[in-house]
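This is start_1.txt (compact mmCIF, C-alpha atoms).
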```txt
# COMPACT_ATOMS: atom_id res chain seq x y z
CA MET A 1 0.00 0.00 0.00
CA ARG A 2 1.23 3.44 -0.89
CA ALA A 3 2.03 5.46 2.25
CA SER A 4 2.18 9.21 2.79
CA ALA A 5 3.34 11.02 5.92
CA PHE A 6 1.89 14.32 7.10
CA LEU A 7 4.43 17.10 7.60
CA TYR A 8 4.65 20.82 8.29
CA PRO A 9 6.97 23.10 6.30
CA TRP A 10 8.74 24.07 9.56
CA ASP A 11 9.75 20.41 9.97
CA VAL A 12 11.77 20.73 6.75
CA VAL A 13 12.92 24.35 6.52
CA GLY A 14 16.24 24.61 8.36
CA ASP A 15 16.72 20.82 8.66
CA PRO A 16 18.68 19.54 5.66
CA HIS A 17 18.40 15.93 6.86
CA CYS A 18 14.60 15.84 7.07
CA PRO A 19 13.87 14.86 3.42
CA GLU A 20 16.37 12.01 3.46
CA ARG A 21 15.02 10.79 6.80
CA LEU A 22 11.50 10.71 5.37
CA ALA A 23 12.62 8.85 2.26
CA GLU A 24 14.39 6.23 4.41
CA LEU A 25 11.19 5.79 6.41
CA GLY A 26 9.62 3.97 3.48
CA VAL A 27 7.01 6.53 2.43
CA ARG A 28 6.72 7.58 -1.19
CA GLN A 29 4.78 10.76 -0.59
CA VAL A 30 4.52 13.65 1.88
CA THR A 31 1.28 15.48 2.61
CA LEU A 32 2.62 18.96 3.33
CA ALA A 33 0.60 21.70 5.04
CA SER A 34 0.03 24.75 2.86
CA ALA A 35 -2.86 26.31 4.84
CA TYR A 36 -3.14 25.35 8.49
CA HIS A 37 -4.87 26.33 11.72
CA SER A 38 -3.14 27.69 14.83
CA THR A 39 -1.07 25.13 16.72
CA ARG A 40 1.86 24.56 19.03
CA ALA A 41 4.01 21.80 17.56
CA LEU A 42 6.96 19.74 18.76
CA THR A 43 9.94 19.34 16.43
CA PRO A 44 12.01 16.63 18.19
CA ARG A 45 14.82 16.43 15.62
CA HIS A 46 15.11 19.93 14.21
CA PRO A 47 18.61 21.42 14.63
CA ARG A 48 17.34 24.94 15.37
CA HIS A 49 14.21 24.59 17.52
CA ARG A 50 12.06 22.20 19.54
CA ILE A 51 8.74 24.06 19.65
CA VAL A 52 7.01 26.01 16.89
CA THR A 53 4.04 28.18 17.84
CA ALA A 54 1.79 28.97 14.91
CA ARG A 55 -0.20 31.74 16.56
CA TYR A 56 -3.12 31.84 14.12
CA ALA A 57 -4.47 30.06 11.06
CA ALA A 58 -2.39 31.06 8.07
CA VAL A 59 -1.15 30.15 4.63
CA LEU A 60 2.45 28.94 4.42
CA TYR A 61 3.14 30.51 1.03
CA PRO A 62 2.72 34.05 -0.37
CA PRO A 63 -0.99 34.48 -1.28
CA ASP A 64 -1.91 36.05 -4.61
CA ALA A 65 -2.99 39.62 -3.85
CA GLY A 66 -4.93 39.85 -7.11
CA ARG A 67 -6.95 36.76 -6.35
CA TRP A 68 -8.03 38.12 -2.96
CA ALA A 69 -8.55 41.78 -3.86
CA GLY A 70 -11.95 43.06 -2.73
CA ARG A 71 -12.93 39.90 -0.84
CA PRO A 72 -14.17 40.54 2.72
CA LEU A 73 -12.42 37.41 4.09
CA GLN A 74 -8.78 36.82 3.21
CA PRO A 75 -6.07 34.41 4.40
CA TYR A 76 -3.42 35.51 6.87
CA ARG A 77 0.30 35.14 6.17
CA GLN A 78 2.51 33.29 8.61
CA SER A 79 5.58 34.76 10.35
CA TRP A 80 6.99 31.86 12.42
CA THR A 81 8.88 29.96 9.72
CA PRO A 82 11.75 31.72 7.92
CA GLY A 83 11.43 32.64 4.28
CA GLU A 84 8.86 34.13 1.95
CA ASP A 85 7.51 30.73 0.88
CA PRO A 86 8.21 27.99 3.44
CA TYR A 87 5.82 25.59 1.73
CA GLY A 88 7.63 26.03 -1.57
CA ALA A 89 11.06 25.61 0.01
CA ALA A 90 9.99 22.46 1.84
CA ALA A 91 8.29 20.98 -1.22
CA GLU A 92 11.40 21.54 -3.33
CA ALA A 93 13.65 19.87 -0.76
CA LEU A 94 11.32 16.88 -0.42
CA ALA A 95 11.07 16.44 -4.19
CA ALA A 96 14.87 16.48 -4.44
CA ALA A 97 14.88 13.46 -2.13
CA GLY A 98 12.57 11.58 -4.49
CA LEU A 99 9.35 12.17 -2.56
CA GLN A 100 6.08 13.18 -4.16
CA VAL A 101 4.37 16.13 -2.49
CA HIS A 102 0.66 16.71 -2.01
CA SER A 103 -0.70 19.83 -0.36
CA TRP A 104 -2.65 19.69 2.91
CA VAL A 105 -5.28 22.42 3.16
CA VAL A 106 -7.39 23.25 6.23
CA LEU A 107 -10.51 25.20 5.27
CA ALA A 108 -13.33 25.79 7.81
CA HIS A 109 -11.21 26.08 10.94
CA ASN A 110 -9.80 29.51 11.66
CA SER A 111 -9.91 31.19 15.08
CA ARG A 112 -8.41 34.52 13.98
CA LEU A 113 -10.92 34.82 11.17
CA GLY A 114 -13.71 34.32 13.68
CA GLU A 115 -12.28 36.85 16.12
CA GLU A 116 -11.93 39.53 13.47
CA HIS A 117 -15.18 38.70 11.63
CA PRO A 118 -17.48 37.43 14.41
CA ASP A 119 -20.66 37.49 12.33
CA ASN A 120 -19.22 34.70 10.18
CA SER A 121 -18.85 32.19 13.03
CA VAL A 122 -21.13 29.34 14.05
CA ARG A 123 -23.56 30.56 16.73
CA ASN A 124 -25.08 27.91 19.01
CA ALA A 125 -28.58 27.66 20.48
CA TYR A 126 -27.52 29.72 23.52
CA GLY A 127 -26.15 32.57 21.40
CA ASP A 128 -22.47 31.70 21.99
CA ARG A 129 -20.18 32.14 19.00
CA TYR A 130 -17.46 29.65 18.07
CA PRO A 131 -14.69 31.81 16.56
CA TRP A 132 -12.76 28.72 15.46
CA ALA A 133 -15.70 27.53 13.32
CA PRO A 134 -16.66 29.64 10.29
CA CYS A 135 -20.28 29.03 9.33
CA ILE A 136 -20.09 27.44 5.87
CA ALA A 137 -23.70 28.39 5.11
CA ARG A 138 -22.70 32.04 4.82
CA PRO A 139 -21.86 33.07 1.22
CA GLU A 140 -18.74 35.03 2.19
CA VAL A 141 -17.38 32.03 4.13
CA ARG A 142 -18.04 29.64 1.28
CA ASP A 143 -16.40 32.03 -1.19
CA TYR A 144 -13.38 32.26 1.10
CA ALA A 145 -13.12 28.48 1.54
CA VAL A 146 -13.47 27.70 -2.17
CA THR A 147 -10.95 30.37 -3.15
CA LEU A 148 -8.51 29.18 -0.50
CA ALA A 149 -8.93 25.56 -1.62
CA ALA A 150 -7.91 26.40 -5.16
CA GLU A 151 -4.93 28.57 -4.22
CA ALA A 152 -3.53 26.55 -1.32
CA ALA A 153 -3.99 23.19 -3.05
CA VAL A 154 -2.34 23.98 -6.35
CA ARG A 155 1.14 24.95 -5.27
CA PRO A 156 4.21 24.50 -7.48
CA GLY A 157 5.38 20.90 -7.36
CA ALA A 158 2.21 19.49 -5.79
CA GLY A 159 0.73 16.44 -7.49
CA GLY A 160 -2.51 16.45 -5.51
CA ALA A 161 -4.26 17.89 -2.50
CA GLU A 162 -6.07 16.82 0.65
CA LEU A 163 -8.79 19.14 1.93
CA GLU A 164 -9.41 19.03 5.68
CA SER A 165 -12.38 20.65 7.44
CA CYS A 166 -14.27 20.85 4.16
CA GLY A 167 -17.65 20.92 5.87
CA TRP A 168 -19.16 21.89 9.21
CA TYR A 169 -17.02 22.59 12.26
CA GLY A 170 -18.71 22.64 15.67
CA LEU A 171 -18.11 22.56 19.40
CA ALA A 172 -15.30 20.01 19.48
CA HIS A 173 -12.06 21.98 19.42
CA LEU A 174 -8.97 21.72 21.58
CA HIS A 175 -8.60 25.31 22.75
CA ALA A 176 -5.86 26.94 24.81
CA HIS A 177 -6.25 25.83 28.45
CA ASP A 178 -9.47 24.06 27.53
CA LYS A 179 -12.10 23.91 30.29
CA ILE A 180 -15.20 22.41 28.67
CA GLY A 181 -14.76 18.79 29.75
CA GLY A 182 -16.61 19.10 33.04
CA VAL A 183 -19.81 17.70 31.53
CA PRO A 184 -19.19 14.78 29.17
CA LEU A 185 -21.01 15.17 25.84
CA ASP A 186 -21.66 12.18 23.61
CA GLY A 187 -21.95 12.45 19.84
CA ALA A 188 -25.63 13.41 19.95
CA ALA A 189 -25.03 16.22 22.45
CA GLN A 190 -22.04 17.40 20.42
CA TYR A 191 -24.33 17.68 17.40
CA LEU A 192 -26.89 19.74 19.28
CA MET A 193 -24.14 22.01 20.63
CA SER A 194 -22.79 22.41 17.09
CA LEU A 195 -26.03 23.46 15.38
CA CYS A 196 -25.69 27.00 14.10
CA PHE A 197 -28.39 29.62 14.63
CA CYS A 198 -26.97 32.55 12.69
CA ALA A 199 -29.41 34.42 10.44
CA VAL A 200 -28.47 32.38 7.37
CA CYS A 201 -28.92 29.04 9.15
CA ARG A 202 -32.22 30.13 10.70
CA GLU A 203 -33.53 30.85 7.22
CA GLY A 204 -32.13 27.52 6.04
CA TYR A 205 -33.93 25.58 8.78
CA LEU A 206 -37.18 27.34 7.88
CA ASP A 207 -36.79 26.40 4.21
CA SER A 208 -36.06 22.82 5.31
CA GLY A 209 -39.27 22.53 7.31
CA ALA A 210 -38.29 23.57 10.85
CA GLU A 211 -39.37 26.78 12.56
CA PRO A 212 -35.98 28.03 13.82
CA GLU A 213 -37.09 29.34 17.23
CA ARG A 214 -38.95 26.11 17.96
CA LEU A 215 -35.81 24.18 16.99
CA ARG A 216 -33.60 26.37 19.17
CA GLU A 217 -35.90 25.94 22.17
CA GLN A 218 -35.95 22.17 21.69
CA VAL A 219 -32.14 22.05 21.59
CA VAL A 220 -31.97 23.97 24.88
CA ARG A 221 -34.67 21.77 26.42
CA ALA A 222 -32.98 18.54 25.31
CA LEU A 223 -29.59 19.58 26.66
CA ALA A 224 -30.86 20.87 30.02
CA PRO A 225 -30.52 17.54 31.90
CA LEU A 226 -26.86 17.28 30.94
CA TRP A 227 -25.87 20.50 32.69
CA SER A 228 -27.27 19.24 35.99
CA GLY A 229 -25.54 15.88 35.66
CA ARG A 230 -28.69 13.86 34.99
CA PRO A 231 -28.77 11.23 32.24
CA PRO A 232 -29.80 12.54 28.82
CA THR A 233 -33.38 11.98 27.79
CA ALA A 234 -32.53 10.01 24.63
CA ASP A 235 -31.97 6.27 24.40
CA GLU A 236 -28.27 5.68 25.03
CA SER A 237 -28.12 2.14 23.59
CA ALA A 238 -25.41 1.85 20.96
CA ALA A 239 -22.89 -0.52 19.53
CA PRO A 240 -19.50 -0.77 21.31
CA ASP A 241 -17.83 1.45 18.74
CA GLY A 242 -19.89 4.41 19.99
CA ARG A 243 -21.08 5.42 16.49
CA ALA A 244 -24.04 3.14 15.74
CA GLY A 245 -27.27 4.60 17.01
CA GLU A 246 -25.93 8.15 17.24
CA TRP A 247 -28.42 9.61 14.77
CA GLY A 248 -31.23 7.74 16.51
CA ARG A 249 -30.29 9.47 19.76
CA ILE A 250 -30.33 12.84 17.98
CA GLU A 251 -33.85 12.07 16.71
CA ALA A 252 -34.92 11.12 20.23
CA LEU A 253 -33.58 14.41 21.60
CA LEU A 254 -34.98 16.70 18.89
CA GLY A 255 -37.88 14.68 17.52
CA GLY A 256 -37.76 13.11 14.08
CA GLU A 257 -39.18 16.09 12.20
CA LEU A 258 -36.77 18.67 13.62
CA ALA A 259 -33.78 16.34 13.39
CA ALA A 260 -34.50 15.59 9.72
CA ALA A 261 -34.79 19.30 8.93
CA THR A 262 -31.41 20.07 10.45
CA ARG A 263 -29.80 17.26 8.51
CA ARG A 264 -31.40 18.31 5.22
CA TRP A 265 -30.12 21.86 5.62
CA ARG A 266 -26.65 21.08 6.91
CA ALA A 267 -26.00 18.18 4.53
CA ALA A 268 -26.99 20.31 1.53
CA VAL A 269 -24.68 23.13 2.65
CA ALA A 270 -21.74 20.76 3.22
CA ARG A 271 -22.35 18.96 -0.06
CA ALA A 272 -22.38 22.25 -1.97
CA LEU A 273 -19.11 23.38 -0.36
CA GLN A 274 -17.44 20.05 -1.05
CA ARG A 275 -18.47 20.07 -4.70
CA GLU A 276 -17.46 23.70 -5.20
CA ALA A 277 -14.09 23.23 -3.51
CA VAL A 278 -13.19 20.14 -5.52
CA ALA A 279 -14.29 21.80 -8.76
CA ALA A 280 -12.28 24.93 -7.98
CA VAL A 281 -9.13 22.92 -7.29
CA ARG A 282 -9.60 20.94 -10.50
CA ALA A 283 -10.13 24.10 -12.54
CA GLU A 284 -6.95 25.59 -11.10
CA ALA A 285 -4.80 22.48 -11.49
CA GLY A 286 -5.89 20.79 -14.68
CA ALA A 287 -5.82 17.10 -15.52
CA GLY A 288 -4.03 14.54 -13.35
CA PHE A 289 -4.21 16.46 -10.08
CA ARG A 290 -5.84 14.28 -7.43
CA VAL A 291 -8.22 15.81 -4.88
CA LEU A 292 -9.04 13.96 -1.65
CA LEU A 293 -11.18 15.08 1.29
CA HIS A 294 -10.77 14.26 4.97
CA ALA A 295 -14.22 12.89 5.69
CA ASP A 296 -16.59 10.89 7.87
CA PRO A 297 -19.46 8.80 6.43
CA ALA A 298 -21.93 10.09 9.07
CA VAL A 299 -23.20 13.23 7.33
CA HIS A 300 -24.11 14.95 10.61
CA ARG A 301 -20.57 14.87 11.99
CA CYS A 302 -18.48 18.02 12.40
CA GLY A 303 -14.76 18.71 12.54
CA ALA A 304 -11.56 18.07 10.65
CA ASN A 305 -13.10 14.90 9.17
CA ALA A 306 -16.35 16.54 8.16
CA GLY A 307 -19.47 14.49 7.51
CA ALA A 308 -20.10 13.60 3.86
CA ASP A 309 -22.39 11.35 1.89
CA PRO A 310 -20.08 8.60 0.54
CA ALA A 311 -21.96 8.10 -2.73
CA ASP A 312 -22.10 11.81 -3.49
CA LEU A 313 -18.53 12.59 -2.46
CA LEU A 314 -16.97 9.76 -4.46
CA SER A 315 -18.98 10.76 -7.50
CA HIS A 316 -16.85 13.88 -7.92
CA ALA A 317 -13.73 13.65 -5.69
CA ASP A 318 -10.81 11.29 -6.27
CA GLY A 319 -11.07 9.82 -2.80
CA VAL A 320 -11.07 10.33 0.93
CA VAL A 321 -8.77 10.26 3.95
CA LEU A 322 -10.42 8.44 6.86
CA ALA A 323 -9.43 8.39 10.54
CA CYS A 324 -8.60 4.74 11.34
CA THR A 325 -6.64 4.90 14.61
CA GLY A 326 -9.53 3.63 16.76
CA SER A 327 -10.81 0.10 17.29
CA ALA A 328 -11.39 -2.45 14.53
CA ALA A 329 -15.12 -1.72 14.75
CA GLU A 330 -14.55 2.02 14.40
CA ARG A 331 -12.25 1.42 11.45
CA ALA A 332 -14.90 -0.66 9.71
CA ALA A 333 -17.53 1.97 10.44
CA VAL A 334 -15.65 4.63 8.48
CA LEU A 335 -14.12 2.53 5.69
CA GLU A 336 -16.96 0.25 4.65
CA PRO A 337 -19.51 2.96 3.70
CA PHE A 338 -16.99 4.52 1.31
CA ALA A 339 -15.73 1.17 0.03
CA ARG A 340 -19.26 0.37 -1.16
CA HIS A 341 -19.09 3.35 -3.52
CA ARG A 342 -15.47 3.04 -4.63
CA ARG A 343 -14.73 3.38 -8.31
CA ARG A 344 -11.78 1.90 -10.17
CA ASN A 345 -9.38 4.78 -9.42
CA THR A 346 -10.81 5.86 -6.06
CA THR A 347 -8.33 6.42 -3.23
CA LEU A 348 -9.43 5.29 0.22
CA ALA A 349 -6.60 6.37 2.50
CA ALA A 350 -6.59 4.92 6.01
CA ASN A 351 -5.14 7.53 8.35
CA PHE A 352 -3.26 6.18 11.40
CA THR A 353 -1.78 8.21 14.23
CA VAL A 354 1.80 7.01 14.65
CA VAL A 355 2.76 9.28 17.56
CA SER A 356 2.63 7.25 20.77
CA GLY A 357 2.27 10.34 22.93
CA MET A 358 -0.90 11.26 21.00
CA GLY A 359 -2.51 7.86 21.43
CA GLY A 360 -1.01 6.23 18.34
CA HIS A 361 0.25 2.67 18.07
CA PRO A 362 3.09 2.59 15.52
CA ALA A 363 4.19 -0.87 16.66
CA ARG A 364 0.95 -2.39 15.39
CA LEU A 365 0.82 -0.37 12.16
CA ALA A 366 1.48 -3.36 9.88
CA ALA A 367 -1.40 -5.37 11.35
CA ASP A 368 -3.71 -2.36 11.35
CA ALA A 369 -2.83 -1.58 7.74
CA ASP A 370 -3.57 -5.18 6.74
CA HIS A 371 -6.97 -4.97 8.45
CA ALA A 372 -7.72 -1.65 6.72
CA ALA A 373 -6.79 -3.12 3.35
CA GLY A 374 -9.27 -5.92 3.95
CA LEU A 375 -11.95 -3.28 4.49
CA GLY A 376 -11.16 -1.53 1.22
CA ALA A 377 -8.33 0.90 2.02
CA THR A 378 -5.97 1.48 -0.90
CA GLU A 379 -3.39 3.77 0.74
CA LEU A 380 -2.01 4.74 4.15
CA ARG A 381 -1.64 8.13 5.80
CA LEU A 382 0.69 8.53 8.78
CA TYR A 383 0.00 11.28 11.28
CA HIS A 384 2.54 12.78 11.85
CA ALA A 385 6.17 12.27 10.84
CA GLY A 386 7.31 15.63 12.20
CA LEU A 387 5.77 15.10 15.65
CA ALA A 388 6.86 11.48 16.19
CA SER A 389 9.81 10.41 18.34
CA ASP A 390 12.77 8.49 16.93
CA GLU A 391 11.37 5.34 18.52
CA ASP A 392 7.99 5.88 16.87
CA LEU A 393 9.63 6.42 13.48
CA ALA A 394 11.72 3.27 13.88
CA ALA A 395 8.51 1.31 14.45
CA VAL A 396 6.96 2.90 11.38
CA ARG A 397 10.00 2.02 9.27
CA THR A 398 9.73 -1.62 10.35
CA ALA A 399 5.98 -1.68 9.72
CA LEU A 400 6.22 -0.16 6.25
CA ALA A 401 8.90 -2.68 5.29
CA ALA A 402 6.54 -5.45 6.39
CA VAL A 403 3.67 -3.94 4.43
CA ALA A 404 5.85 -3.67 1.32
CA ALA A 405 6.90 -7.30 1.65
CA SER A 406 3.36 -8.64 2.10
```
Mind turning the file's structure into structure tokens?
Amino acid sequence: MRASAFLYPWDVVGDPHCPERLAELGVRQVTLASAYHSTRALTPRHPRHRIVTARYAAVLYPPDAGRWAGRPLQPYRQSWTPGEDPYGAAAEALAAAGLQVHSWVVLAHNSRLGEEHPDNSVRNAYGDRYPWAPCIARPEVRDYAVTLAAEAAVRPGAGGAELESCGWYGLAHLHAHDKIGGVPLDGAAQYLMSLCFCAVCREGYLDSGAEPERLREQVVRALAPLWSGRPPTADESAAPDGRAGEWGRIEALLGGELAAATRRWRAAVARALQREAVAAVRAEAGAGFRVLLHADPAVHRCGANAGADPADLLSHADGVVLACTGSAAERAAVLEPFARHRRRNTTLAANFTVVSGMGGHPARLAADADHAAGLGATELRLYHAGLASDEDLAAVRTALAAVAAS
């Protein structure tokens, strides 16, 4: 199975040994961040630093001023990695080591954008805004995301792109000194806390058959028991993987009619963004440029792996990247729905965390990859070569050699 490792430009810039180290790992490709959200990242082998603090979401290349002229929302330039074009410098160095480069583009996840343009953020049923989550139903947000997808994906030397957060973002977000874990929220409660009630979404719910104020009141009513520590009112029975039955619990909390209206509206918005983003990248790149989306087959899900309808997504995109680090049941739950709609050249990339300190299991990568292949996976993604320890990378090297030999 073809393997690609995720990487940041700051892992490469200033470290002349990084490309060779990646090539020796056994990967054939690097998925290199070109537009990324704020983060604090470890660089355990870099000769000049150990911690990089990306203070806000930014592009890691010089944006085209002409492309963005007159648009109300524009990308921010980074200042924490040396050079005018750290993505370009890193991509060139990786290509010189014989590695193919694909761009890694984060779209609907941008805290600075939300702070500076608060009306464009998701607004929950209580009126709280989520600055990290641009509301993709808003025309200016969708225009920004589609324009960013085309520019950040089609960088010089890139043979393809992976679009992350190409859909709804919601409550789930690791924030600085996070303090929201005091009341555990299951997937159904996360969905209710992620529903947006901005003016555009209110109109969308109405068009989809739900009176928005009635919906908002029902969300607040359904969540009320959680804040006092009482069990939720919905049926909590589910399969061990924690995914099966989730939509049924949402229907029990909201009622079938209101739940269906929210899904109609939000799925249509996400589907439109996904189609527009893929089309924009293709128009910019031309033939042969592969476009994958980080996705989840449950259309109501929010986050980096945004919910998508497998049949629809694979009818226009070249494939998907699917989180597969969890249990065997969880792996099957994300791979099998897409495998049923796979075409001859579809890429189903199983994404495994290989950083032990982040919950990954690099020592069992070969076995996990074999299981994923049996479920329909065609490629591997390794998160994240720049963050992993030497011991983790040694385990990955051994695993990829075993996969190649099998």
Which residues, written as a list in words, have at least one atom at most 7 Å from stretch 293-300 of chain A, with only C-alpha atoms counted and residues fewer than 6 positions away on the same chain left out? Glu162, Leu163, Glu164, Arg263, Ala267, Ala306, Gly307, Ala308, Asp309, Pro310, Gly319, Val320, Val321, Leu322, Val334 and Pro337 of chain A
Identify, on the basis of only C-alpha atoms, every residue whose closest approach to A:Arg28 does not exceed 7 Å; exclude the query and any residue fewer than 5 positions from it along the same chain; express the result as a PyMOL selection string. chain A and resi 2-4+23+99-100
Suppose we keep C-alpha atoms; can you now write the selection as a PDB file, keeping the file's coordinate frame?
```
ATOM      1  CA  ARG A   2       1.230   3.440  -0.890  1.00  0.00           C
ATOM      2  CA  ALA A   3       2.030   5.460   2.250  1.00  0.00           C
ATOM      3  CA  SER A   4       2.180   9.210   2.790  1.00  0.00           C
ATOM      4  CA  ALA A  23      12.620   8.850   2.260  1.00  0.00           C
ATOM      5  CA  LEU A  99       9.350  12.170  -2.560  1.00  0.00           C
ATOM      6  CA  GLN A 100       6.080  13.180  -4.160  1.00  0.00           C
TER       7      GLN A 100
END
```
Quick one: residues within 12 Å of A:Val200, only C-alpha atoms, excluding same-chain residues fewer than 4 positions away - as a PDB file with C-alpha atoms, in the coordinates of the input?
```pdb
ATOM      1  CA  ASP A 119     -20.660  37.490  12.330  1.00  0.00           C
ATOM      2  CA  ASN A 120     -19.220  34.700  10.180  1.00  0.00           C
ATOM      3  CA  SER A 121     -18.850  32.190  13.030  1.00  0.00           C
ATOM      4  CA  VAL A 122     -21.130  29.340  14.050  1.00  0.00           C
ATOM      5  CA  ARG A 123     -23.560  30.560  16.730  1.00  0.00           C
ATOM      6  CA  CYS A 135     -20.280  29.030   9.330  1.00  0.00           C
ATOM      7  CA  ILE A 136     -20.090  27.440   5.870  1.00  0.00           C
ATOM      8  CA  ALA A 137     -23.700  28.390   5.110  1.00  0.00           C
ATOM      9  CA  ARG A 138     -22.700  32.040   4.820  1.00  0.00           C
ATOM     10  CA  PRO A 139     -21.860  33.070   1.220  1.00  0.00           C
ATOM     11  CA  GLU A 140     -18.740  35.030   2.190  1.00  0.00           C
ATOM     12  CA  VAL A 141     -17.380  32.030   4.130  1.00  0.00           C
ATOM     13  CA  CYS A 196     -25.690  27.000  14.100  1.00  0.00           C
ATOM     14  CA  GLY A 204     -32.130  27.520   6.040  1.00  0.00           C
ATOM     15  CA  TYR A 205     -33.930  25.580   8.780  1.00  0.00           C
ATOM     16  CA  LEU A 206     -37.180  27.340   7.880  1.00  0.00           C
ATOM     17  CA  ASP A 207     -36.790  26.400   4.210  1.00  0.00           C
ATOM     18  CA  PRO A 212     -35.980  28.030  13.820  1.00  0.00           C
ATOM     19  CA  TRP A 265     -30.120  21.860   5.620  1.00  0.00           C
ATOM     20  CA  ARG A 266     -26.650  21.080   6.910  1.00  0.00           C
ATOM     21  CA  VAL A 269     -24.680  23.130   2.650  1.00  0.00           C
TER      22      VAL A 269
END
```
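Among the candidate residues A:Ala311, A:Ala366, A:Ala372, A:Met1, the one lying nearest to A:Arg271 is A:Ala311, with distances computed using all atoms listed in the file.
Using only C-alpha atoms, the smallest distance between any of A:Leu42, A:Leu185, A:Ile180, A:Ala287 and A:Val154 comes from A:Ala287.
Between A:Gly209 and the candidates A:Pro19, A:Gly181, A:Gly127, A:Gly256, the tightest atom-to-atom separation, counting all atoms listed in the file, involves A:Gly256.
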If you count all atoms listed in the file, the residue of A:Asp318, A:Asp128, A:Glu217, A:Asp368 closest to A:Cys198 turns out to be A:Asp128
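Here atom CA of A:Glu379 stands at a distance of 22.8 Å from atom CA of A:Ala96.
Using only C-alpha atoms for every distance, the candidate list A:Glu336, A:Asp64, A:Asp85, A:Glu213 yields A:Glu213 as the residue closest to A:Cys201.
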List every protein, DNA or RNA residue with an atom no more than 9 Å from (3.0, 24.1, 1.3) in the file's coordinates, counting all atoms listed in the file, and format the result as a PDB file with C-alpha atoms, in the frame of the given file.
```pdb
ATOM      1  CA  TYR A   8       4.650  20.820   8.290  1.00  0.00           C
ATOM      2  CA  PRO A   9       6.970  23.100   6.300  1.00  0.00           C
ATOM      3  CA  THR A  31       1.280  15.480   2.610  1.00  0.00           C
ATOM      4  CA  LEU A  32       2.620  18.960   3.330  1.00  0.00           C
ATOM      5  CA  ALA A  33       0.600  21.700   5.040  1.00  0.00           C
ATOM      6  CA  SER A  34       0.030  24.750   2.860  1.00  0.00           C
ATOM      7  CA  ALA A  35      -2.860  26.310   4.840  1.00  0.00           C
ATOM      8  CA  VAL A  59      -1.150  30.150   4.630  1.00  0.00           C
ATOM      9  CA  LEU A  60       2.450  28.940   4.420  1.00  0.00           C
ATOM     10  CA  TYR A  61       3.140  30.510   1.030  1.00  0.00           C
ATOM     11  CA  ASP A  85       7.510  30.730   0.880  1.00  0.00           C
ATOM     12  CA  PRO A  86       8.210  27.990   3.440  1.00  0.00           C
ATOM     13  CA  TYR A  87       5.820  25.590   1.730  1.00  0.00           C
ATOM     14  CA  GLY A  88       7.630  26.030  -1.570  1.00  0.00           C
ATOM     15  CA  ALA A  89      11.060  25.610   0.010  1.00  0.00           C
ATOM     16  CA  ALA A  90       9.990  22.460   1.840  1.00  0.00           C
ATOM     17  CA  ALA A  91       8.290  20.980  -1.220  1.00  0.00           C
ATOM     18  CA  VAL A 101       4.370  16.130  -2.490  1.00  0.00           C
ATOM     19  CA  HIS A 102       0.660  16.710  -2.010  1.00  0.00           C
ATOM     20  CA  SER A 103      -0.700  19.830  -0.360  1.00  0.00           C
ATOM     21  CA  TRP A 104      -2.650  19.690   2.910  1.00  0.00           C
ATOM     22  CA  VAL A 105      -5.280  22.420   3.160  1.00  0.00           C
ATOM     23  CA  ALA A 152      -3.530  26.550  -1.320  1.00  0.00           C
ATOM     24  CA  ALA A 153      -3.990  23.190  -3.050  1.00  0.00           C
ATOM     25  CA  ARG A 155       1.140  24.950  -5.270  1.00  0.00           C
ATOM     26  CA  PRO A 156       4.210  24.500  -7.480  1.00  0.00           C
ATOM     27  CA  ALA A 158       2.210  19.490  -5.790  1.00  0.00           C
TER      28      ALA A 158
END
```
Exercise: A:Asp390 partners within 10 Å, all atoms listed in the file, chain neighbours under 5 positions left out, as a PDB file with C-alpha atoms, keeping the file's coordinate frame:
```pdb
ATOM      1  CA  PRO A  44      12.010  16.630  18.190  1.00  0.00           C
ATOM      2  CA  ARG A  45      14.820  16.430  15.620  1.00  0.00           C
ATOM      3  CA  ALA A 385       6.170  12.270  10.840  1.00  0.00           C
ATOM      4  CA  ALA A 395       8.510   1.310  14.450  1.00  0.00           C
ATOM      5  CA  VAL A 396       6.960   2.900  11.380  1.00  0.00           C
TER       6      VAL A 396
END
```
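Atom CA of A:Thr378 is found 11.6 Å from atom CA of A:Phe338.
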